[in-house]
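K.L.:
Provided herewith: coords_13.cif, mmCIF, C-alpha atoms.
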```
data_data
#
loop_
_atom_site.label_atom_id
_atom_site.label_comp_id
_atom_site.auth_asym_id
_atom_site.auth_seq_id
_atom_site.Cartn_x
_atom_site.Cartn_y
_atom_site.Cartn_z
CA MET I 121 0.00 0.00 0.00
CA SER I 122 1.42 3.38 -0.97
CA PHE I 123 0.95 6.50 1.11
CA PRO I 124 0.00 9.88 -0.44
CA THR I 125 3.03 12.11 -1.05
CA PRO I 126 2.56 14.70 0.19
CA PHE I 127 -0.44 14.00 2.37
CA ALA I 128 -2.60 16.99 1.42
CA GLN I 129 -6.00 16.33 2.95
CA HIS I 130 -6.67 19.30 5.23
CA ARG I 131 -8.25 22.42 3.77
CA ALA I 132 -8.48 25.50 5.94
CA GLU I 133 -10.27 28.84 5.99
CA VAL I 134 -9.35 31.68 8.34
CA LEU I 135 -12.32 32.21 10.66
CA PRO I 136 -13.34 35.53 12.27
CA ALA I 137 -12.46 34.22 15.74
CA TRP I 138 -8.89 33.58 14.54
CA ILE I 139 -8.18 37.25 13.72
CA ASP I 140 -6.00 39.24 16.14
CA GLY I 141 -5.30 42.92 16.77
CA ASN I 142 -3.03 43.05 13.72
CA ASN I 143 -5.99 42.06 11.55
CA HIS I 144 -4.49 38.73 10.49
CA MET I 145 -4.62 35.16 11.79
CA ASN I 146 -3.36 34.99 15.37
CA MET I 147 -0.26 32.85 15.83
CA GLY I 148 -2.03 30.39 18.14
CA TYR I 149 -4.54 29.46 15.46
CA TYR I 150 -1.80 28.22 13.14
CA THR I 151 -1.19 25.55 15.77
CA VAL I 152 -4.94 24.84 15.91
CA LEU I 153 -5.01 24.51 12.14
CA PHE I 154 -1.98 22.21 12.12
CA ASP I 155 -3.51 20.16 14.95
CA LEU I 156 -6.61 19.58 12.82
CA ALA I 157 -4.34 18.50 9.94
CA THR I 158 -2.60 16.13 12.36
CA ASP I 159 -5.97 14.52 13.12
CA ASP I 160 -6.46 13.85 9.39
CA LEU I 161 -2.96 12.36 9.14
CA TRP I 162 -3.51 10.22 12.25
CA ASP I 163 -6.71 8.75 10.78
CA ALA I 164 -4.85 7.79 7.60
CA LEU I 165 -2.05 6.19 9.66
CA GLY I 166 -4.43 4.23 11.88
CA ILE I 167 -3.57 6.15 15.05
CA GLY I 168 -6.61 8.44 15.19
CA ARG I 169 -9.77 8.25 17.27
CA SER I 170 -10.27 4.49 16.74
CA TYR I 171 -6.72 3.87 18.01
CA LYS I 172 -7.64 5.59 21.27
CA VAL I 173 -10.98 3.82 21.63
CA GLU I 174 -9.89 0.31 20.59
CA ARG I 175 -6.34 0.20 21.97
CA GLY I 176 -6.30 2.74 24.75
CA CYS I 177 -3.33 4.53 23.21
CA GLY I 178 -2.84 8.02 21.87
CA THR I 179 -0.17 10.49 20.95
CA PHE I 180 1.21 13.33 23.03
CA ALA I 181 3.12 16.21 21.48
CA ALA I 182 6.57 16.42 23.08
CA GLU I 183 8.11 19.23 21.04
CA GLY I 184 7.11 21.63 18.32
CA HIS I 185 8.55 24.39 16.16
CA ILE I 186 6.66 26.82 13.93
CA ILE I 187 7.71 29.22 11.21
CA TYR I 188 5.47 32.12 10.19
CA GLU I 189 6.27 33.32 6.67
CA ARG I 190 3.22 35.08 5.25
CA GLU I 191 0.00 36.47 6.63
CA MET I 192 -3.31 34.72 6.41
CA LEU I 193 -6.22 37.17 6.40
CA LEU I 194 -9.89 36.74 7.24
CA GLY I 195 -11.59 34.33 4.84
CA GLU I 196 -8.38 33.26 3.10
CA ARG I 197 -8.10 29.60 2.33
CA GLY I 198 -5.22 27.21 2.24
CA LEU I 199 -4.17 23.60 1.99
CA VAL I 200 -1.95 21.81 4.48
CA HIS I 201 0.68 19.39 3.20
CA SER I 202 1.68 16.93 5.90
CA ARG I 203 4.45 14.40 5.99
CA VAL I 204 6.03 11.82 8.23
CA VAL I 205 9.66 12.89 8.63
CA GLY I 206 10.82 10.05 10.87
CA VAL I 207 9.73 7.29 13.19
CA ASP I 208 11.28 5.09 15.84
CA ALA I 209 9.95 2.57 18.36
CA LYS I 210 8.01 5.16 20.40
CA ARG I 211 8.17 8.49 18.55
CA LEU I 212 6.91 10.11 15.37
CA HIS I 213 8.37 13.24 13.72
CA ILE I 214 5.90 15.02 11.44
CA ALA I 215 5.87 18.29 9.52
CA HIS I 216 3.08 20.45 8.12
CA GLU I 217 3.22 23.25 5.56
CA LEU I 218 0.28 25.60 4.94
CA PHE I 219 0.04 26.87 1.36
CA ARG I 220 -2.26 29.78 0.52
CA ASP I 221 -4.83 29.17 -2.22
CA LYS I 222 -4.54 32.72 -3.58
CA ASP I 223 -0.90 32.43 -4.65
CA GLY I 224 0.33 28.95 -3.71
CA LEU I 225 2.95 30.40 -1.38
CA ARG I 226 3.76 28.85 1.97
CA ALA I 227 2.26 30.85 4.83
CA ALA I 228 3.59 28.76 7.72
CA ALA I 229 5.26 25.49 8.61
CA GLN I 230 5.32 23.47 11.80
CA GLU I 231 7.03 20.30 12.95
CA PHE I 232 6.32 18.12 15.94
CA ILE I 233 7.71 15.16 17.78
CA PHE I 234 4.91 12.96 19.11
CA LEU I 235 5.14 10.16 21.65
CA ASN I 236 3.00 7.02 21.62
CA VAL I 237 1.30 6.84 25.03
CA ASP I 238 -0.62 4.12 26.85
CA LEU I 239 -3.52 6.28 28.06
CA GLY I 240 -4.40 3.95 30.94
CA ARG I 241 -0.92 4.05 32.44
CA ARG I 242 -0.07 7.55 31.10
CA LYS I 243 3.31 6.18 30.02
CA VAL I 244 5.22 6.28 26.75
CA THR I 245 5.04 2.87 25.11
CA PRO I 246 6.26 1.28 21.85
CA TRP I 247 4.06 1.42 18.76
CA PRO I 248 2.03 -1.77 18.25
CA GLU I 249 3.58 -4.34 15.89
CA ASP I 250 0.91 -3.75 13.25
CA ILE I 251 1.14 0.08 13.40
CA LEU I 252 4.91 0.50 13.20
CA PRO I 253 5.17 -0.83 9.60
CA VAL I 254 2.45 1.62 8.50
CA LEU I 255 4.41 4.50 10.01
CA HIS I 256 7.61 3.30 8.34
CA ARG I 257 5.86 3.02 4.94
CA ALA I 258 4.55 6.59 5.25
CA ALA I 259 8.01 7.84 6.27
CA ALA I 260 9.61 6.02 3.33
CA ALA I 261 7.06 7.46 0.90
CA HIS I 262 7.61 10.97 2.23
CA ALA I 263 11.39 10.58 2.17
CA ALA I 264 11.09 10.66 -1.63
CA LEU I 265 9.81 14.26 -1.45
CA PRO I 266 12.25 17.18 -1.60
CA PRO I 267 13.91 17.67 1.80
CA LEU I 268 12.50 20.17 4.26
CA ASP I 269 15.42 22.52 4.78
CA TRP I 270 13.63 24.14 7.72
CA ALA I 271 12.80 20.98 9.69
CA GLY I 272 15.01 20.16 12.64
CA ARG I 273 16.53 23.57 12.98
CA ARG I 274 16.79 25.20 16.36
CA VAL I 275 15.40 28.55 17.47
CA ALA I 276 18.25 31.02 17.99
CA LEU I 277 19.48 34.43 17.00
CA PRO I 278 22.21 34.45 14.37
CA ALA I 279 25.74 34.42 15.78
CA PRO I 280 27.18 37.92 16.05
CA GLN I 281 29.51 38.84 13.23
CA ARG I 282 33.05 39.76 14.22
#
```
Using structure tokens, write down the structure that the file contains.
P.N.:
Amino acid sequence: MSFPTPFAQHRAEVLPAWIDGNNHMNMGYYTVLFDLATDDLWDALGIGRSYKVERGCGTFAAEGHIIYEREMLLGERGLVHSRVVGVDAKRLHIAHELFRDKDGLRAAAQEFIFLNVDLGRRKVTPWPEDILPVLHRAAAAHAALPPLDWAGRRVALPAPQR
């Protein structure tokens, strides 16, 4: 089974409640938007709502990084491209990019590290044997895409020039 590359299933529209004092989408709502895109990705990977209900497991975000590149204004629409960047026994590294419909330019990007968690014990646990191959297939499919030069970078000011 192949996995969509990129995984572009989440469409977004900037809602009135998402507008801030600068008259554009508030920074917190980019995370909301990317969280909704994560839900779509999780369903496709078999780790969505049914995973929680049937197996008692879920994912917890452990780390995230966002880049704001262009404004999104009230009513503007966009499409989120999501990809699995990496996976190991207990973690999943994903990335999202929001592209504006009006010009196709990237408005924002965000990456996360998620942990697989046994919700009953509230402890990080390995991915189930039947889920791990699905995650690896998605990561392998997405590895064929152009690299994300922004993913994995740290937040810091440039080094002072001497």
K.L.:
Would you compute the distance between atom CA of I:Asp250 and atom CA of I:Ile167? Give it in Å to one decimal.
P.N.:
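Separating atom CA of I:Asp250 from atom CA of I:Ile167 is a distance of 11.0 Å.
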K.L.:
For a test of reading the model, state the distance in Å between atom CA of I:Tyr149 and atom CA of I:Leu265, rounded to one decimal.
P.N.:
26.9 Å
K.L.:
Would you kindly return, as number ranges by chain, each protein, DNA or RNA residue with an atom no farther than 7 Å from any atom of stretch 179-192 of chain I, considering all atoms listed in the file and excluding same-chain residues fewer than 3 positions away?
P.N.:
I: 144-145, 196, 226-237
K.L.:
Write a file of the selected residues as a PDB file, in the frame of the given file, keeping C-alpha atoms.
P.N.:
```
ATOM      1  CA  HIS I 144      -4.490  38.730  10.490  1.00  0.00           C
ATOM      2  CA  MET I 145      -4.620  35.160  11.790  1.00  0.00           C
ATOM      3  CA  GLU I 196      -8.380  33.260   3.100  1.00  0.00           C
ATOM      4  CA  ARG I 226       3.760  28.850   1.970  1.00  0.00           C
ATOM      5  CA  ALA I 227       2.260  30.850   4.830  1.00  0.00           C
ATOM      6  CA  ALA I 228       3.590  28.760   7.720  1.00  0.00           C
ATOM      7  CA  ALA I 229       5.260  25.490   8.610  1.00  0.00           C
ATOM      8  CA  GLN I 230       5.320  23.470  11.800  1.00  0.00           C
ATOM      9  CA  GLU I 231       7.030  20.300  12.950  1.00  0.00           C
ATOM     10  CA  PHE I 232       6.320  18.120  15.940  1.00  0.00           C
ATOM     11  CA  ILE I 233       7.710  15.160  17.780  1.00  0.00           C
ATOM     12  CA  PHE I 234       4.910  12.960  19.110  1.00  0.00           C
ATOM     13  CA  LEU I 235       5.140  10.160  21.650  1.00  0.00           C
ATOM     14  CA  ASN I 236       3.000   7.020  21.620  1.00  0.00           C
ATOM     15  CA  VAL I 237       1.300   6.840  25.030  1.00  0.00           C
TER      16      VAL I 237
END
```
K.L.:
Once the PyMOL selection byres ((chain I and resi 121-127) around 6) has been applied to the shown file, what residues remain in the selection, as a ChimeraX atom specification?
P.N.:
/I:128,201-202,258,262
K.L.:
Output C-alpha atoms of each residue in that selection to a file, as a tab-separated table (two decimals), in the coordinates of the input.
P.N.:
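Below is the file that was written, result_26.tsv:
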```tsv
chain	number	residue	atom	x	y	z
I	128	ALA	CA	-2.60	16.99	1.42
I	201	HIS	CA	0.68	19.39	3.20
I	202	SER	CA	1.68	16.93	5.90
I	258	ALA	CA	4.55	6.59	5.25
I	262	HIS	CA	7.61	10.97	2.23
```
K.L.:
Could you check the closest approach to I:Arg241 for each of I:Leu268, I:Ala137, I:Ala157, I:Gly176 and tell me which residue wins, using only C-alpha atoms?
P.N.:
I:Gly176
K.L.:
May I ask you to restore N, CA and C atoms in stretch 204-217 of chain I and write the result as a PDB file, in the frame of the given file?
P.N.:
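This is the output file part12.pdb:
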```pdb
ATOM      1  N   VAL I 204       5.336  12.526   7.162  1.00  0.00           N
ATOM      2  CA  VAL I 204       6.030  11.820   8.230  1.00  0.00           C
ATOM      3  C   VAL I 204       7.525  11.968   7.925  1.00  0.00           C
ATOM      4  N   VAL I 205       8.232  12.623   8.820  1.00  0.00           N
ATOM      5  CA  VAL I 205       9.660  12.890   8.630  1.00  0.00           C
ATOM      6  C   VAL I 205      10.501  11.732   9.165  1.00  0.00           C
ATOM      7  N   GLY I 206      10.066  11.144  10.276  1.00  0.00           N
ATOM      8  CA  GLY I 206      10.820  10.050  10.870  1.00  0.00           C
ATOM      9  C   GLY I 206       9.991   9.319  11.908  1.00  0.00           C
ATOM     10  N   VAL I 207      10.432   8.112  12.212  1.00  0.00           N
ATOM     11  CA  VAL I 207       9.730   7.290  13.190  1.00  0.00           C
ATOM     12  C   VAL I 207      10.739   6.382  13.876  1.00  0.00           C
ATOM     13  N   ASP I 208      10.521   6.127  15.144  1.00  0.00           N
ATOM     14  CA  ASP I 208      11.280   5.090  15.840  1.00  0.00           C
ATOM     15  C   ASP I 208      10.303   4.294  16.693  1.00  0.00           C
ATOM     16  N   ALA I 209      10.788   3.511  17.605  1.00  0.00           N
ATOM     17  CA  ALA I 209       9.950   2.570  18.360  1.00  0.00           C
ATOM     18  C   ALA I 209       8.816   3.239  19.131  1.00  0.00           C
ATOM     19  N   LYS I 210       9.016   4.502  19.564  1.00  0.00           N
ATOM     20  CA  LYS I 210       8.010   5.160  20.400  1.00  0.00           C
ATOM     21  C   LYS I 210       7.649   6.572  19.946  1.00  0.00           C
ATOM     22  N   ARG I 211       8.357   7.093  18.942  1.00  0.00           N
ATOM     23  CA  ARG I 211       8.170   8.490  18.550  1.00  0.00           C
ATOM     24  C   ARG I 211       7.853   8.631  17.070  1.00  0.00           C
ATOM     25  N   LEU I 212       7.264   9.779  16.750  1.00  0.00           N
ATOM     26  CA  LEU I 212       6.910  10.110  15.370  1.00  0.00           C
ATOM     27  C   LEU I 212       7.228  11.586  15.146  1.00  0.00           C
ATOM     28  N   HIS I 213       8.012  11.877  14.100  1.00  0.00           N
ATOM     29  CA  HIS I 213       8.370  13.240  13.720  1.00  0.00           C
ATOM     30  C   HIS I 213       7.561  13.577  12.486  1.00  0.00           C
ATOM     31  N   ILE I 214       6.716  14.615  12.583  1.00  0.00           N
ATOM     32  CA  ILE I 214       5.900  15.020  11.440  1.00  0.00           C
ATOM     33  C   ILE I 214       6.128  16.496  11.140  1.00  0.00           C
ATOM     34  N   ALA I 215       5.758  16.891   9.937  1.00  0.00           N
ATOM     35  CA  ALA I 215       5.870  18.290   9.520  1.00  0.00           C
ATOM     36  C   ALA I 215       4.634  18.657   8.704  1.00  0.00           C
ATOM     37  N   HIS I 216       4.202  19.898   8.882  1.00  0.00           N
ATOM     38  CA  HIS I 216       3.080  20.450   8.120  1.00  0.00           C
ATOM     39  C   HIS I 216       3.546  21.743   7.449  1.00  0.00           C
ATOM     40  N   GLU I 217       3.016  21.985   6.256  1.00  0.00           N
ATOM     41  CA  GLU I 217       3.220  23.250   5.560  1.00  0.00           C
ATOM     42  C   GLU I 217       1.860  23.737   5.078  1.00  0.00           C
TER      43      GLU I 217
END
```
